[in-house]
Amino acid sequence: MGKAIGEWTGQMTNREPTKPIEYATLEEFGAKLPQIISYLRAWGMREAVKELSEFREGKRQLERGQLKKLMSTIQQTQRLAQMMGSYHEEKEASSPHRRRRRRSGGELMLFEELGELELGIRAEEDEED
Amino acid sequence: MKKTKESPATPSPRYRAERSDRYLRKELIAQIEEELGGGCVVTYFGNGGFIDSPDVGCFVESLAWFDRRGKELLIILETPGGDPQVVRNWVEIARERFKRLIVAVPGRAKSAGTLLCLAADEVWAGPGSEFGPIDPQVPVPFQGQVVRVSAIQFLQELGVLEPHPDLKQIQANRDLVALRQNYTPPGLVSKVMLSLRATYDMAIDYLYRYHLREVQPAIKRAAQAFELANFLTMIEPPQRASRDRVYLHSDYISPKALSQRGMKIKYYRFREELWKLIYQLYAHYQVALGESPNCVIFESRDLLYTRPA
């Protein structure tokens, strides 16, 4: 039978961990959690939402690296949404039929909302910097 | 009433001789099914054949006789791509009837073919297997004709998405700006955006719900799903030249590149028994279609369906 390709990178993936697992703390991630949870809920990722909710309530531990990675991939996704959202905002601002278009663009509102969400996360990061 | 004699269950020698290729392939499929303990269907799209709406019916019929063949389905797939909405339909049908879905890719599973792989529990690959980006190709009117362009590149050229660094110079070109303004009729940008969004949504959904469902904890699964979808739709902004980076819809993505991003790919060596059977079957289609590559074939143990591309 065939082997999993994971074996190709076996030396990287299967080696003994050299340092203990670093767990995420509420001090670091607490403020961002509501946004991440609402974003994952919009994608229908129930188990992930449950894990984050339990983490927020102190009932569960999560690895810091995994949570950081989740946030960075979400930000990348939201970057697209923001770019699309801002394009439509520009178009709308220059359009004489602004109100009518905004009302009819139900789907596009989604991009705008996601764009706003991303701005929220970014603004927080800026504060940290 | 006098009973009529039933026709023999086995075909006559002449009938069998005339269809020897089909009988040989049928035996290979039966052997693969025996090894697997489940059902096997081949969907082979020649060079000019793209996954299209007539293929929903073919797929349904291919599975119609599978009731007694376990809970596992193996799709041996060869395709240059096609309509993602048809793939969506296939996935719903297959997932409703089978607990476990495996996609084997002896050759190419580009574009919509790669999208189908994301809905599988496992992907089988070997030497020569090829995957590709899943950004949708959207028909765009241009100078009285309709040309198909990559949604992501269309949006980059229009300035909606951040362009590839190499394209920034081209964007400053005045002629191109004028050209861009000419080929954006009302509604087109929204249509292109939503096509991209729909494919992206499908990729995330399939990865999270099916392909990565055993990855724990779920936040790790979610991160992997986003990362893979960003990579395959080319939303991930290109940062530096890399062997695995993809820039174009036609770019080659290796099984290893997908595996390193968390996909469950079982890699077979060329001489392994099961892969030999799969590749033997694949070679039969390649030879059979040698003279008419613009053809689509659906084949299982019970059914053979072909259509011109």
# chains A, B, ... in the order shown; residues from 1 in each chain; ligands from 1

$ residues_around --residues "Ile204 (chain B)" --least-positions-apart "6" --cutoff "8 Å" --atoms "only C-alpha atoms" --output "ChimeraX atom specification"
/B:225-226,229

$ write_last_selection --atoms "N, CA and C atoms" --output "compact mmCIF listing (two decimals), in the first residue's frame"
# COMPACT_ATOMS: atom_id res chain seq x y z
N ALA B 225 -7.78 24.67 6.75
CA ALA B 225 -8.76 24.85 5.66
C ALA B 225 -8.58 26.22 5.01
N PHE B 226 -8.44 27.27 5.82
CA PHE B 226 -8.23 28.62 5.28
C PHE B 226 -6.92 28.70 4.50
N ALA B 229 -7.21 26.79 1.18
CA ALA B 229 -8.10 27.49 0.24
C ALA B 229 -7.44 28.75 -0.28

$ residues_around --residues "region 45-51 of chain A" --least-positions-apart "6" --cutoff "10 Å" --atoms "only C-alpha atoms" --output "ChimeraX atom specification"
/A:33-34,36-39,57,59-62 /B:204-205,208-209,216-223

$ write_last_selection --atoms "N, CA and C atoms" --output "PDB file, in the first residue's frame"
ATOM      1  N   LEU A  33     -11.194  37.416  20.599  1.00  0.00           N
ATOM      2  CA  LEU A  33     -12.003  36.204  20.477  1.00  0.00           C
ATOM      3  C   LEU A  33     -13.411  36.422  19.923  1.00  0.00           C
ATOM      4  N   PRO A  34     -14.159  37.450  20.404  1.00  0.00           N
ATOM      5  CA  PRO A  34     -15.526  37.608  19.870  1.00  0.00           C
ATOM      6  C   PRO A  34     -15.554  37.731  18.351  1.00  0.00           C
ATOM      7  N   ILE A  36     -13.251  36.598  16.184  1.00  0.00           N
ATOM      8  CA  ILE A  36     -12.884  35.321  15.542  1.00  0.00           C
ATOM      9  C   ILE A  36     -14.059  34.351  15.620  1.00  0.00           C
ATOM     10  N   ILE A  37     -14.708  34.328  16.781  1.00  0.00           N
ATOM     11  CA  ILE A  37     -15.839  33.404  16.956  1.00  0.00           C
ATOM     12  C   ILE A  37     -16.955  33.743  15.981  1.00  0.00           C
ATOM     13  N   SER A  38     -17.264  35.029  15.846  1.00  0.00           N
ATOM     14  CA  SER A  38     -18.368  35.384  14.934  1.00  0.00           C
ATOM     15  C   SER A  38     -17.997  35.071  13.488  1.00  0.00           C
ATOM     16  N   TYR A  39     -16.717  35.210  13.177  1.00  0.00           N
ATOM     17  CA  TYR A  39     -16.268  34.894  11.815  1.00  0.00           C
ATOM     18  C   TYR A  39     -16.395  33.395  11.539  1.00  0.00           C
ATOM     19  N   GLU A  57     -14.221  30.714  28.348  1.00  0.00           N
ATOM     20  CA  GLU A  57     -14.792  30.497  29.682  1.00  0.00           C
ATOM     21  C   GLU A  57     -13.791  29.842  30.643  1.00  0.00           C
ATOM     22  N   LYS A  59     -12.546  26.819  30.346  1.00  0.00           N
ATOM     23  CA  LYS A  59     -12.764  25.381  30.495  1.00  0.00           C
ATOM     24  C   LYS A  59     -11.834  24.555  29.609  1.00  0.00           C
ATOM     25  N   ARG A  60     -11.043  25.229  28.781  1.00  0.00           N
ATOM     26  CA  ARG A  60     -10.234  24.482  27.828  1.00  0.00           C
ATOM     27  C   ARG A  60      -8.925  25.232  27.551  1.00  0.00           C
ATOM     28  N   GLN A  61      -7.883  24.452  27.279  1.00  0.00           N
ATOM     29  CA  GLN A  61      -6.619  25.072  26.899  1.00  0.00           C
ATOM     30  C   GLN A  61      -6.395  24.914  25.403  1.00  0.00           C
ATOM     31  N   LEU A  62      -5.843  25.936  24.794  1.00  0.00           N
ATOM     32  CA  LEU A  62      -5.532  25.855  23.355  1.00  0.00           C
ATOM     33  C   LEU A  62      -4.072  26.226  23.149  1.00  0.00           C
TER      34      LEU A  62
ATOM     35  N   ILE B 204     -13.414  25.870   1.332  1.00  0.00           N
ATOM     36  CA  ILE B 204     -13.348  25.892   2.805  1.00  0.00           C
ATOM     37  C   ILE B 204     -14.309  24.854   3.378  1.00  0.00           C
ATOM     38  N   ASP B 205     -15.526  24.841   2.837  1.00  0.00           N
ATOM     39  CA  ASP B 205     -16.561  23.943   3.335  1.00  0.00           C
ATOM     40  C   ASP B 205     -16.126  22.486   3.194  1.00  0.00           C
ATOM     41  N   TYR B 208     -13.107  21.635   5.552  1.00  0.00           N
ATOM     42  CA  TYR B 208     -13.445  21.572   6.973  1.00  0.00           C
ATOM     43  C   TYR B 208     -14.374  20.393   7.265  1.00  0.00           C
ATOM     44  N   ARG B 209     -15.340  20.195   6.375  1.00  0.00           N
ATOM     45  CA  ARG B 209     -16.369  19.186   6.640  1.00  0.00           C
ATOM     46  C   ARG B 209     -15.909  17.761   6.305  1.00  0.00           C
ATOM     47  N   GLN B 216      -7.612  17.390  14.695  1.00  0.00           N
ATOM     48  CA  GLN B 216      -8.028  17.937  15.987  1.00  0.00           C
ATOM     49  C   GLN B 216      -6.889  18.766  16.579  1.00  0.00           C
ATOM     50  N   PRO B 217      -7.168  19.827  17.304  1.00  0.00           N
ATOM     51  CA  PRO B 217      -8.475  20.408  17.591  1.00  0.00           C
ATOM     52  C   PRO B 217      -9.048  21.121  16.360  1.00  0.00           C
ATOM     53  N   ALA B 218     -10.317  21.482  16.470  1.00  0.00           N
ATOM     54  CA  ALA B 218     -11.017  22.051  15.317  1.00  0.00           C
ATOM     55  C   ALA B 218     -10.428  23.391  14.876  1.00  0.00           C
ATOM     56  N   ILE B 219      -9.793  24.122  15.799  1.00  0.00           N
ATOM     57  CA  ILE B 219      -9.219  25.413  15.367  1.00  0.00           C
ATOM     58  C   ILE B 219      -8.033  25.174  14.435  1.00  0.00           C
ATOM     59  N   LYS B 220      -7.337  24.054  14.651  1.00  0.00           N
ATOM     60  CA  LYS B 220      -6.228  23.698  13.757  1.00  0.00           C
ATOM     61  C   LYS B 220      -6.797  23.328  12.379  1.00  0.00           C
ATOM     62  N   ARG B 221      -7.927  22.605  12.415  1.00  0.00           N
ATOM     63  CA  ARG B 221      -8.587  22.220  11.159  1.00  0.00           C
ATOM     64  C   ARG B 221      -9.039  23.464  10.385  1.00  0.00           C
ATOM     65  N   ALA B 222      -9.616  24.427  11.117  1.00  0.00           N
ATOM     66  CA  ALA B 222     -10.100  25.657  10.467  1.00  0.00           C
ATOM     67  C   ALA B 222      -8.920  26.401   9.828  1.00  0.00           C
ATOM     68  N   ALA B 223      -7.810  26.505  10.581  1.00  0.00           N
ATOM     69  CA  ALA B 223      -6.630  27.233  10.061  1.00  0.00           C
ATOM     70  C   ALA B 223      -6.092  26.553   8.815  1.00  0.00           C
TER      71      ALA B 223
END

$ interface_residues --of "chain B" --to "chain A" --cutoff "9 Å" --atoms "only C-alpha atoms" --output "PDB file with N, CA and C atoms, in the first residue's frame"
ATOM      1  N   TRP B 124      -5.442   9.702  -3.553  1.00  0.00           N
ATOM      2  CA  TRP B 124      -4.344   8.814  -3.922  1.00  0.00           C
ATOM      3  C   TRP B 124      -3.612   9.421  -5.110  1.00  0.00           C
ATOM      4  N   ALA B 125      -2.311   9.467  -4.998  1.00  0.00           N
ATOM      5  CA  ALA B 125      -1.508  10.022  -6.093  1.00  0.00           C
ATOM      6  C   ALA B 125      -0.282   9.150  -6.313  1.00  0.00           C
ATOM      7  N   GLY B 126       0.394   9.383  -7.405  1.00  0.00           N
ATOM      8  CA  GLY B 126       1.604   8.617  -7.720  1.00  0.00           C
ATOM      9  C   GLY B 126       2.493   9.445  -8.623  1.00  0.00           C
ATOM     10  N   LEU B 155      -9.516  40.565 -11.403  1.00  0.00           N
ATOM     11  CA  LEU B 155      -9.666  41.514 -10.291  1.00  0.00           C
ATOM     12  C   LEU B 155      -8.346  42.217  -9.966  1.00  0.00           C
ATOM     13  N   GLY B 159      -7.532  46.341 -10.370  1.00  0.00           N
ATOM     14  CA  GLY B 159      -7.136  47.079  -9.175  1.00  0.00           C
ATOM     15  C   GLY B 159      -8.006  46.774  -7.969  1.00  0.00           C
ATOM     16  N   VAL B 160      -8.919  45.805  -8.096  1.00  0.00           N
ATOM     17  CA  VAL B 160      -9.756  45.440  -6.944  1.00  0.00           C
ATOM     18  C   VAL B 160      -8.921  44.668  -5.936  1.00  0.00           C
ATOM     19  N   LEU B 161      -8.096  43.748  -6.431  1.00  0.00           N
ATOM     20  CA  LEU B 161      -7.205  42.997  -5.555  1.00  0.00           C
ATOM     21  C   LEU B 161      -5.784  43.512  -5.738  1.00  0.00           C
ATOM     22  N   GLU B 162      -5.004  43.309  -4.707  1.00  0.00           N
ATOM     23  CA  GLU B 162      -3.599  43.724  -4.775  1.00  0.00           C
ATOM     24  C   GLU B 162      -2.902  42.946  -5.904  1.00  0.00           C
ATOM     25  N   SER B 190     -19.004  42.416 -10.128  1.00  0.00           N
ATOM     26  CA  SER B 190     -19.692  41.692  -9.056  1.00  0.00           C
ATOM     27  C   SER B 190     -19.767  40.213  -9.382  1.00  0.00           C
ATOM     28  N   MET B 193     -16.415  38.627  -8.813  1.00  0.00           N
ATOM     29  CA  MET B 193     -16.150  38.526  -7.372  1.00  0.00           C
ATOM     30  C   MET B 193     -16.928  37.376  -6.754  1.00  0.00           C
ATOM     31  N   LEU B 194     -18.203  37.295  -7.134  1.00  0.00           N
ATOM     32  CA  LEU B 194     -19.046  36.265  -6.516  1.00  0.00           C
ATOM     33  C   LEU B 194     -18.656  34.868  -6.981  1.00  0.00           C
ATOM     34  N   ASP B 201     -15.709  29.525  -0.982  1.00  0.00           N
ATOM     35  CA  ASP B 201     -16.605  28.974   0.043  1.00  0.00           C
ATOM     36  C   ASP B 201     -16.669  27.455  -0.048  1.00  0.00           C
ATOM     37  N   ILE B 204     -13.414  25.870   1.332  1.00  0.00           N
ATOM     38  CA  ILE B 204     -13.348  25.892   2.805  1.00  0.00           C
ATOM     39  C   ILE B 204     -14.309  24.854   3.378  1.00  0.00           C
ATOM     40  N   ASP B 205     -15.526  24.841   2.837  1.00  0.00           N
ATOM     41  CA  ASP B 205     -16.561  23.943   3.335  1.00  0.00           C
ATOM     42  C   ASP B 205     -16.126  22.486   3.194  1.00  0.00           C
ATOM     43  N   TYR B 208     -13.107  21.635   5.552  1.00  0.00           N
ATOM     44  CA  TYR B 208     -13.445  21.572   6.973  1.00  0.00           C
ATOM     45  C   TYR B 208     -14.374  20.393   7.265  1.00  0.00           C
ATOM     46  N   ARG B 209     -15.340  20.195   6.375  1.00  0.00           N
ATOM     47  CA  ARG B 209     -16.369  19.186   6.640  1.00  0.00           C
ATOM     48  C   ARG B 209     -15.909  17.761   6.305  1.00  0.00           C
ATOM     49  N   PRO B 217      -7.168  19.827  17.304  1.00  0.00           N
ATOM     50  CA  PRO B 217      -8.475  20.408  17.591  1.00  0.00           C
ATOM     51  C   PRO B 217      -9.048  21.121  16.360  1.00  0.00           C
ATOM     52  N   ALA B 218     -10.317  21.482  16.470  1.00  0.00           N
ATOM     53  CA  ALA B 218     -11.017  22.051  15.317  1.00  0.00           C
ATOM     54  C   ALA B 218     -10.428  23.391  14.876  1.00  0.00           C
ATOM     55  N   ILE B 219      -9.793  24.122  15.799  1.00  0.00           N
ATOM     56  CA  ILE B 219      -9.219  25.413  15.367  1.00  0.00           C
ATOM     57  C   ILE B 219      -8.033  25.174  14.435  1.00  0.00           C
ATOM     58  N   LYS B 220      -7.337  24.054  14.651  1.00  0.00           N
ATOM     59  CA  LYS B 220      -6.228  23.698  13.757  1.00  0.00           C
ATOM     60  C   LYS B 220      -6.797  23.328  12.379  1.00  0.00           C
ATOM     61  N   ARG B 221      -7.927  22.605  12.415  1.00  0.00           N
ATOM     62  CA  ARG B 221      -8.587  22.220  11.159  1.00  0.00           C
ATOM     63  C   ARG B 221      -9.039  23.464  10.385  1.00  0.00           C
ATOM     64  N   ALA B 222      -9.616  24.427  11.117  1.00  0.00           N
ATOM     65  CA  ALA B 222     -10.100  25.657  10.467  1.00  0.00           C
ATOM     66  C   ALA B 222      -8.920  26.401   9.828  1.00  0.00           C
ATOM     67  N   ALA B 223      -7.810  26.505  10.581  1.00  0.00           N
ATOM     68  CA  ALA B 223      -6.630  27.233  10.061  1.00  0.00           C
ATOM     69  C   ALA B 223      -6.092  26.553   8.815  1.00  0.00           C
ATOM     70  N   GLN B 224      -6.041  25.215   8.847  1.00  0.00           N
ATOM     71  CA  GLN B 224      -5.544  24.475   7.669  1.00  0.00           C
ATOM     72  C   GLN B 224      -6.471  24.663   6.472  1.00  0.00           C
ATOM     73  N   PHE B 226      -8.439  27.268   5.824  1.00  0.00           N
ATOM     74  CA  PHE B 226      -8.232  28.623   5.279  1.00  0.00           C
ATOM     75  C   PHE B 226      -6.924  28.699   4.496  1.00  0.00           C
ATOM     76  N   GLU B 227      -5.882  28.107   5.076  1.00  0.00           N
ATOM     77  CA  GLU B 227      -4.565  28.179   4.439  1.00  0.00           C
ATOM     78  C   GLU B 227      -4.574  27.491   3.069  1.00  0.00           C
ATOM     79  N   ASN B 230      -6.715  29.456   0.585  1.00  0.00           N
ATOM     80  CA  ASN B 230      -6.001  30.671   0.146  1.00  0.00           C
ATOM     81  C   ASN B 230      -4.943  30.332  -0.892  1.00  0.00           C
ATOM     82  N   ILE B 235      -5.465  33.379  -3.537  1.00  0.00           N
ATOM     83  CA  ILE B 235      -5.751  34.593  -2.767  1.00  0.00           C
ATOM     84  C   ILE B 235      -4.527  34.965  -1.933  1.00  0.00           C
ATOM     85  N   GLU B 236      -3.811  33.933  -1.521  1.00  0.00           N
ATOM     86  CA  GLU B 236      -2.583  34.129  -0.760  1.00  0.00           C
ATOM     87  C   GLU B 236      -1.671  35.063  -1.565  1.00  0.00           C
ATOM     88  N   PRO B 237      -1.335  36.239  -1.066  1.00  0.00           N
ATOM     89  CA  PRO B 237      -0.554  37.159  -1.897  1.00  0.00           C
ATOM     90  C   PRO B 237       0.847  36.626  -2.165  1.00  0.00           C
ATOM     91  N   PRO B 255       1.626  16.746  -5.692  1.00  0.00           N
ATOM     92  CA  PRO B 255       1.008  16.127  -4.516  1.00  0.00           C
ATOM     93  C   PRO B 255       1.750  16.497  -3.245  1.00  0.00           C
ATOM     94  N   LYS B 256       3.065  16.644  -3.361  1.00  0.00           N
ATOM     95  CA  LYS B 256       3.875  16.964  -2.184  1.00  0.00           C
ATOM     96  C   LYS B 256       3.525  18.355  -1.640  1.00  0.00           C
ATOM     97  N   SER B 259       0.362  18.074   0.204  1.00  0.00           N
ATOM     98  CA  SER B 259       0.564  17.321   1.439  1.00  0.00           C
ATOM     99  C   SER B 259       1.230  18.188   2.510  1.00  0.00           C
ATOM    100  N   GLN B 260       2.184  19.000   2.077  1.00  0.00           N
ATOM    101  CA  GLN B 260       2.876  19.863   3.044  1.00  0.00           C
ATOM    102  C   GLN B 260       1.955  20.921   3.628  1.00  0.00           C
ATOM    103  N   GLY B 262      -1.077  20.175   4.437  1.00  0.00           N
ATOM    104  CA  GLY B 262      -2.018  19.473   5.320  1.00  0.00           C
ATOM    105  C   GLY B 262      -3.002  18.551   4.633  1.00  0.00           C
ATOM    106  N   LYS B 264      -4.503  15.202   2.933  1.00  0.00           N
ATOM    107  CA  LYS B 264      -4.238  13.772   3.162  1.00  0.00           C
ATOM    108  C   LYS B 264      -4.025  13.097   1.822  1.00  0.00           C
ATOM    109  N   ILE B 265      -2.769  12.985   1.437  1.00  0.00           N
ATOM    110  CA  ILE B 265      -2.455  12.382   0.148  1.00  0.00           C
ATOM    111  C   ILE B 265      -1.646  11.119   0.370  1.00  0.00           C
ATOM    112  N   LYS B 266      -2.164  10.026  -0.150  1.00  0.00           N
ATOM    113  CA  LYS B 266      -1.428   8.758  -0.056  1.00  0.00           C
ATOM    114  C   LYS B 266      -0.660   8.595  -1.353  1.00  0.00           C
ATOM    115  N   TYR B 267       0.642   8.538  -1.211  1.00  0.00           N
ATOM    116  CA  TYR B 267       1.484   8.492  -2.409  1.00  0.00           C
ATOM    117  C   TYR B 267       1.911   7.054  -2.699  1.00  0.00           C
ATOM    118  N   TYR B 268       1.592   6.587  -3.893  1.00  0.00           N
ATOM    119  CA  TYR B 268       1.950   5.230  -4.299  1.00  0.00           C
ATOM    120  C   TYR B 268       3.185   5.243  -5.192  1.00  0.00           C
ATOM    121  N   ARG B 269       4.038   4.276  -4.954  1.00  0.00           N
ATOM    122  CA  ARG B 269       5.142   4.101  -5.895  1.00  0.00           C
ATOM    123  C   ARG B 269       4.594   3.414  -7.128  1.00  0.00           C
ATOM    124  N   GLU B 272       3.726  -0.432  -7.012  1.00  0.00           N
ATOM    125  CA  GLU B 272       2.855  -1.015  -5.979  1.00  0.00           C
ATOM    126  C   GLU B 272       1.616  -1.610  -6.638  1.00  0.00           C
ATOM    127  N   GLU B 273       1.161  -2.735  -6.092  1.00  0.00           N
ATOM    128  CA  GLU B 273       0.136  -3.539  -6.763  1.00  0.00           C
ATOM    129  C   GLU B 273      -1.133  -2.747  -7.107  1.00  0.00           C
ATOM    130  N   LEU B 274      -1.687  -2.069  -6.108  1.00  0.00           N
ATOM    131  CA  LEU B 274      -2.953  -1.356  -6.335  1.00  0.00           C
ATOM    132  C   LEU B 274      -2.752  -0.225  -7.360  1.00  0.00           C
ATOM    133  N   TRP B 275      -1.628   0.478  -7.241  1.00  0.00           N
ATOM    134  CA  TRP B 275      -1.369   1.582  -8.176  1.00  0.00           C
ATOM    135  C   TRP B 275      -1.146   1.058  -9.599  1.00  0.00           C
TER     136      TRP B 275
END

$ residues_around --residues "Val41 (chain B)" --least-positions-apart "4" --cutoff "12 Å" --atoms "only C-alpha atoms" --output "number ranges by chain"
B: 25-26, 28-30, 32-33, 58-66, 69, 72-78, 94, 101-104, 278, 281-282, 297-305

$ write_last_selection --atoms "N, CA and C atoms" --output "compact mmCIF listing (two decimals), in the first residue's frame"
# COMPACT_ATOMS: atom_id res chain seq x y z
N ARG B 25 -11.13 -3.74 -19.24
CA ARG B 25 -11.23 -2.64 -18.26
C ARG B 25 -12.16 -3.04 -17.10
N LYS B 26 -13.24 -3.75 -17.48
CA LYS B 26 -14.20 -4.19 -16.47
C LYS B 26 -13.52 -5.11 -15.46
N LEU B 28 -10.33 -5.11 -14.71
CA LEU B 28 -9.44 -4.29 -13.89
C LEU B 28 -10.22 -3.56 -12.80
N ILE B 29 -11.38 -3.03 -13.18
CA ILE B 29 -12.21 -2.32 -12.19
C ILE B 29 -12.65 -3.29 -11.09
N ALA B 30 -13.02 -4.51 -11.50
CA ALA B 30 -13.44 -5.52 -10.51
C ALA B 30 -12.29 -5.85 -9.56
N ILE B 32 -9.79 -3.87 -8.75
CA ILE B 32 -9.60 -2.71 -7.85
C ILE B 32 -10.67 -2.72 -6.76
N GLU B 33 -11.89 -3.02 -7.14
CA GLU B 33 -12.98 -3.06 -6.15
C GLU B 33 -12.72 -4.12 -5.09
N CYS B 58 -24.61 11.25 -15.87
CA CYS B 58 -23.66 10.13 -16.06
C CYS B 58 -23.16 9.64 -14.71
N PHE B 59 -22.87 10.59 -13.84
CA PHE B 59 -22.35 10.23 -12.53
C PHE B 59 -23.39 9.47 -11.72
N VAL B 60 -24.63 9.97 -11.77
CA VAL B 60 -25.72 9.31 -11.04
C VAL B 60 -25.87 7.87 -11.53
N GLU B 61 -25.89 7.69 -12.86
CA GLU B 61 -26.07 6.35 -13.41
C GLU B 61 -24.90 5.44 -13.07
N SER B 62 -23.70 6.01 -13.04
CA SER B 62 -22.53 5.18 -12.71
C SER B 62 -22.65 4.57 -11.32
N LEU B 63 -23.32 5.30 -10.43
CA LEU B 63 -23.42 4.83 -9.04
C LEU B 63 -24.68 4.01 -8.79
N ALA B 64 -25.56 3.92 -9.80
CA ALA B 64 -26.88 3.34 -9.59
C ALA B 64 -26.83 1.88 -9.14
N TRP B 65 -25.77 1.15 -9.46
CA TRP B 65 -25.72 -0.29 -9.16
C TRP B 65 -24.82 -0.60 -7.99
N PHE B 66 -24.45 0.39 -7.23
CA PHE B 66 -23.41 0.19 -6.22
C PHE B 66 -23.89 -0.24 -4.85
N ARG B 69 -21.97 -2.78 -2.69
CA ARG B 69 -20.50 -2.76 -2.73
C ARG B 69 -19.86 -1.95 -1.61
N GLU B 72 -17.70 2.47 0.63
CA GLU B 72 -16.57 3.24 0.17
C GLU B 72 -16.63 3.43 -1.35
N LEU B 73 -16.35 4.62 -1.80
CA LEU B 73 -16.34 4.87 -3.25
C LEU B 73 -14.98 5.41 -3.67
N LEU B 74 -14.44 4.79 -4.71
CA LEU B 74 -13.18 5.30 -5.29
C LEU B 74 -13.50 5.91 -6.65
N ILE B 75 -13.16 7.18 -6.82
CA ILE B 75 -13.31 7.82 -8.13
C ILE B 75 -11.91 7.93 -8.73
N ILE B 76 -11.71 7.29 -9.88
CA ILE B 76 -10.43 7.46 -10.59
C ILE B 76 -10.66 8.62 -11.55
N LEU B 77 -9.93 9.70 -11.33
CA LEU B 77 -10.26 10.96 -11.99
C LEU B 77 -9.15 11.46 -12.91
N GLU B 78 -9.54 11.87 -14.09
CA GLU B 78 -8.62 12.54 -15.03
C GLU B 78 -9.42 13.68 -15.66
N ALA B 94 -22.42 11.71 -4.02
CA ALA B 94 -21.48 10.71 -3.49
C ALA B 94 -21.52 10.68 -1.97
N LEU B 101 -15.11 8.61 0.78
CA LEU B 101 -14.85 8.93 -0.63
C LEU B 101 -13.34 9.06 -0.84
N ILE B 102 -12.84 8.33 -1.84
CA ILE B 102 -11.42 8.42 -2.17
C ILE B 102 -11.33 8.87 -3.63
N VAL B 103 -10.42 9.78 -3.92
CA VAL B 103 -10.19 10.17 -5.31
C VAL B 103 -8.76 9.78 -5.68
N ALA B 104 -8.62 8.97 -6.73
CA ALA B 104 -7.29 8.58 -7.21
C ALA B 104 -6.97 9.39 -8.45
N ILE B 278 -4.50 0.60 -11.08
CA ILE B 278 -5.10 1.90 -11.41
C ILE B 278 -4.43 2.49 -12.65
N LEU B 281 -5.34 0.72 -15.86
CA LEU B 281 -6.67 1.16 -16.31
C LEU B 281 -6.57 2.52 -17.01
N TYR B 282 -5.82 3.41 -16.39
CA TYR B 282 -5.62 4.76 -16.92
C TYR B 282 -4.97 4.71 -18.31
N ILE B 297 -15.46 9.94 -20.74
CA ILE B 297 -15.84 8.55 -20.44
C ILE B 297 -16.21 8.41 -18.97
N PHE B 298 -17.34 7.77 -18.73
CA PHE B 298 -17.71 7.34 -17.38
C PHE B 298 -17.78 5.82 -17.42
N GLU B 299 -17.06 5.16 -16.54
CA GLU B 299 -17.11 3.71 -16.59
C GLU B 299 -17.06 3.11 -15.18
N SER B 300 -17.95 2.13 -14.99
CA SER B 300 -17.89 1.33 -13.77
C SER B 300 -18.03 -0.12 -14.22
N ARG B 301 -18.15 -1.03 -13.26
CA ARG B 301 -18.26 -2.44 -13.65
C ARG B 301 -19.53 -2.69 -14.46
N ASP B 302 -20.57 -1.90 -14.19
CA ASP B 302 -21.86 -2.17 -14.82
C ASP B 302 -22.18 -1.26 -15.99
N LEU B 303 -21.44 -0.19 -16.14
CA LEU B 303 -21.88 0.81 -17.10
C LEU B 303 -20.72 1.47 -17.83
N LEU B 304 -20.91 1.73 -19.09
CA LEU B 304 -19.94 2.53 -19.84
C LEU B 304 -20.71 3.62 -20.57
N TYR B 305 -20.32 4.85 -20.33
CA TYR B 305 -20.98 5.97 -20.98
C TYR B 305 -19.92 6.88 -21.58

$ atom_distance --atom1 "CA of Ala283 (chain B)" --atom2 "CA of Lys71 (chain B)"
27.2 Å

$ select_by_dssp --residues "region 100-131 of chain B" --states "alpha helix (DSSP H)" --output "list in words"
Ala112, Gly113, Thr114, Leu115, Leu116, Cys117 and Leu118 of chain B

$ write_last_selection --atoms "N, CA and C atoms" --output "PDB file, in the first residue's frame"
ATOM      1  N   ALA B 112     -11.348  22.277 -11.317  1.00  0.00           N
ATOM      2  CA  ALA B 112     -12.508  21.665 -10.670  1.00  0.00           C
ATOM      3  C   ALA B 112     -12.192  20.245 -10.196  1.00  0.00           C
ATOM      4  N   GLY B 113     -11.228  19.585 -10.842  1.00  0.00           N
ATOM      5  CA  GLY B 113     -10.803  18.252 -10.406  1.00  0.00           C
ATOM      6  C   GLY B 113     -10.144  18.328  -9.033  1.00  0.00           C
ATOM      7  N   THR B 114      -9.310  19.340  -8.841  1.00  0.00           N
ATOM      8  CA  THR B 114      -8.679  19.553  -7.523  1.00  0.00           C
ATOM      9  C   THR B 114      -9.741  19.874  -6.479  1.00  0.00           C
ATOM     10  N   LEU B 115     -10.751  20.647  -6.903  1.00  0.00           N
ATOM     11  CA  LEU B 115     -11.844  20.994  -5.987  1.00  0.00           C
ATOM     12  C   LEU B 115     -12.548  19.722  -5.497  1.00  0.00           C
ATOM     13  N   LEU B 116     -12.745  18.769  -6.419  1.00  0.00           N
ATOM     14  CA  LEU B 116     -13.378  17.499  -6.038  1.00  0.00           C
ATOM     15  C   LEU B 116     -12.508  16.758  -5.014  1.00  0.00           C
ATOM     16  N   CYS B 117     -11.205  16.834  -5.193  1.00  0.00           N
ATOM     17  CA  CYS B 117     -10.292  16.159  -4.254  1.00  0.00           C
ATOM     18  C   CYS B 117     -10.455  16.705  -2.829  1.00  0.00           C
ATOM     19  N   LEU B 118     -10.831  17.982  -2.710  1.00  0.00           N
ATOM     20  CA  LEU B 118     -10.977  18.582  -1.378  1.00  0.00           C
ATOM     21  C   LEU B 118     -12.152  17.979  -0.616  1.00  0.00           C
TER      22      LEU B 118
END

$ select_by_dssp --residues "region 18-255 of chain B" --states "strand (DSSP E or B)" --output "ChimeraX atom specification"
/B:39-45,51,72-79,82,100-105,108-109,122-125,130-131,137-142,145-150,253

$ residues_around --residues "His249 (chain B)" --least-positions-apart "4" --cutoff "8 Å" --atoms "only C-alpha atoms" --output "ChimeraX atom specification"
/B:111,132-135,150
